[in-house]
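Each remark here refers to the structure printed beneath this line.
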Amino acid sequence: MAPSHIVSAYDEELKYLSRRISEMGGTAEQMVADSVRALVTTDAALAQKVISEDIILDNAERQINEKAIVTIAKRQPMAADLREIMGAIRIAAELERVGDLGKNTAKRVIAVQSSGMPRTLARGLEHLAELALMQLKEVLDVYATRSVDKAKAIRERDDEIDAIYTSLFRELLTYMMEDPRNITPCTHLLFCAKNIERIGDHATNIAETIYYMATGSQPEGERPKDDTSTSVVAADLSEASE
Amino acid sequence: MNIMSEAAVEKALDGKMNDISYKMIGRDVSVYYGEKRALYDVNLDVRENTVTALIGPSGCGKSTFLRTLNRMNDTIDGCRVTGRITLDGDDIYDPAIDVVELRARVGMVFQKPNPFPKSIYENVAYGPRIHGLAKAKADMDAIVEQSLQKAGLWNEVKDRLQESGTGLSGGQQQRLCIARAVAVSPEVILMDEPCSALDPIATAKVEELIHELRANFTIVIVTHSMQQAARVSQRTAMFHLGNLVEENDTDKMFTNPDDQRTQDYIMGRFG
């Protein structure tokens with residue numbers, strides 16, 4: 001633990017930022033979990049709750065940014081302090097986006113509700129969400145502990161989420177090809193899956209930011225990618241099902 | 001003020017900066033004031049056409065080190081310097097060295113502006129005259145004008161060169177002192193907290209000037225303002241309790257220093 005600042009109010013300002021980030025993290029996590037639950041259980045009331053909560057994250061991000069700006073102006077932070085404040089600004093933006101993705105998923109609940117969802121698809125989405133939420137939860141723990149090793153480990157695990165997303169993508173495409181009436185709900189579900197996959201990316205971004213905050217350097221090498229959905233075409237799927 | 005842009009300075013130094021050359025080299029430099037030791041075996045190399053900032057808490061030895069570079073410590077009773085300091089390879093503590101000539105090559109600007117109680121013109125002309133740098137009046141006029149130009153003061157004082165230097169504002173006085181230092185065509189300029197008595201606008205003008213002077217001079221600056229060190233220098237050296245604890249690129253020093261003591265000091269934490 002670094003020694004305290006000579007000016008104690010400076011310590012308070014930095015503590016305020018990390019406390020607010022942790023709070024944002026908790027809210028974002030809850031919103032994502034609720035949105036997926038609302039989706040698989042077609043719970044419109046829960047979806048509505050998620051939609052109404054997004055404003056909490058928007059406000060929190062704005063307050064964090066304002067505090068960070070004032071702190072930079074007043075304290076002219078250096079080295080680890082500067083990285084801490086820049087990190088808070090970036091992480092707040094990532095968490096705000098996570099909230100938006102949760103909200104977007106919740107908004108689609110009504111559209112999917114009318115046509116119902118095959119059980120296997122719901123399981124696939126739940127599994128994808130479990131992994132994304134685990135990434136998010138772990139990265140928030142890493143924010144609290146500043147463990148460089150764990151930040152690196154999270155960054156290297158995002159490919160698992162990408163792989164499941166790709167398989168969901170193929171599955172949804174197959175349903176659409178089987179019956180054109182599936183196209184509307186499946187398109188919405190495709191967006192939901194994409195939303196959840198993006199949450200994993202945001203968790204990875206946060207892990208990279210924490211790594212930078214702790215070490216002062218960017219993590220080396222490309223992050224692993226296993227999202228091959230960009231090259232999936234319908235022709236391949238029909239061949240495979242024949 | 002006639003100031004070169006950052007890009008122009010970089011361009012003027014192009015090629016020169018590709019291979020680092022060291023203007024002054026300090027090896028195992030220790031300084032004692034009587035029994036008390038103020039510096040412990042400092043090894044610091046000063047790069048040519050570079051601004052090197054010396055930072056550290058009060059009493060850390062940064063000003064003491066600065067003063068060894070042009071033998072300012074010689075004037076203090078009981079002060080003893082050991083180790084070796086070279087300027088272009090020549091030992092400046094060699095008994096054969098002419099100290100007056102050394103101080104013409106390694107000039108100094110002090111914390112408080114200290115113009116002579118003479119005219120602006122005389123303030124600048126004094127050094128060149130005692131060093132015999134100008135033969136005719138026209139030569140001297142040219143030196144005075146060029147020096148005031150380099151110090152970014154010419155346009156403000158060209159119509160009142162015969163007025164007293166002490167009648168200028170604090171910031172102008174400090175730039176007059178810089179013009180005075182520049183007038184004898186030094187190679188190195190030492191600055192001991194040159195902006196600590198100036199307001200923010202005068203400080204900004206002096207900082208801009210330091211940046212421009214780098215094209216022609218090697219500069220070593222002691223400053224208590226970390227932000228100033230970060231703004232004006234390319235290399236930064238951190239002193240603590242008479243030791244040099246870290247010397248690094250300035251950008252690295254203020255974003256991700258290697259030494260914990262540097263880290264604590266620049267972030268304003270208890271060491």
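Ordered as shown in the structure tokens, chains take letters A, B, and onward, while each chain numbers its residues from 1 and ligands are numbered from 1 in the order shown.
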Could you find all residues in range 225-265 of chain B that DSSP calls helix (DSSP H, G or I) from the backbone, and write them as a JSON list (two decimals) with C-alpha atoms, in the first residue's frame?
[["chain", "number", "residue", "atom", "x", "y", "z"],
["B", 226, "MET", "CA", 7.19, 19.22, -10.48],
["B", 227, "GLN", "CA", 4.85, 20.50, -13.15],
["B", 228, "GLN", "CA", 7.55, 22.89, -14.32],
["B", 229, "ALA", "CA", 10.10, 20.09, -14.50],
["B", 230, "ALA", "CA", 7.60, 18.02, -16.46],
["B", 231, "ARG", "CA", 6.91, 20.90, -18.84],
["B", 232, "VAL", "CA", 10.38, 22.23, -19.61],
["B", 250, "THR", "CA", 11.08, 13.27, -18.10],
["B", 251, "ASP", "CA", 7.97, 11.69, -19.63],
["B", 252, "LYS", "CA", 8.75, 8.40, -17.94],
["B", 253, "MET", "CA", 9.71, 10.08, -14.68],
["B", 254, "PHE", "CA", 6.33, 11.74, -14.22],
["B", 255, "THR", "CA", 4.10, 8.93, -15.40],
["B", 260, "GLN", "CA", 9.75, 4.38, -4.97],
["B", 261, "ARG", "CA", 11.24, 7.56, -3.47],
["B", 262, "THR", "CA", 10.69, 9.42, -6.75],
["B", 263, "GLN", "CA", 7.17, 8.05, -6.88],
["B", 264, "ASP", "CA", 6.35, 9.22, -3.33],
["B", 265, "TYR", "CA", 7.93, 12.63, -3.85]]
Could you find all residues in range 1-222 of chain B that DSSP calls strand (DSSP E or B) from the backbone, and write them as a PyMOL selection string? chain B and resi 22-33+36-47+51-55+79-87+90-91+106-109+119+164+188-192+218-222
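Here CA of Ile196 in chain A and CA of Ser217 in chain A stand 28.6 Å from one another.
Here is the contact set of chain B against chain A, at 6 Å and counting only C-alpha atoms: Phe254, Thr255, Asn256, Met267, Gly268, Arg269 and Phe270 of chain B.
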Write out as a PyMOL selection string each polymer residue whose atoms come within 12 Å of Ala122 in chain A, counting only C-alpha atoms; drop sequence neighbours fewer than 2 positions from it. chain A and resi 36-42+112+116-120+124-129+168+171-172+186+189-190+192-193
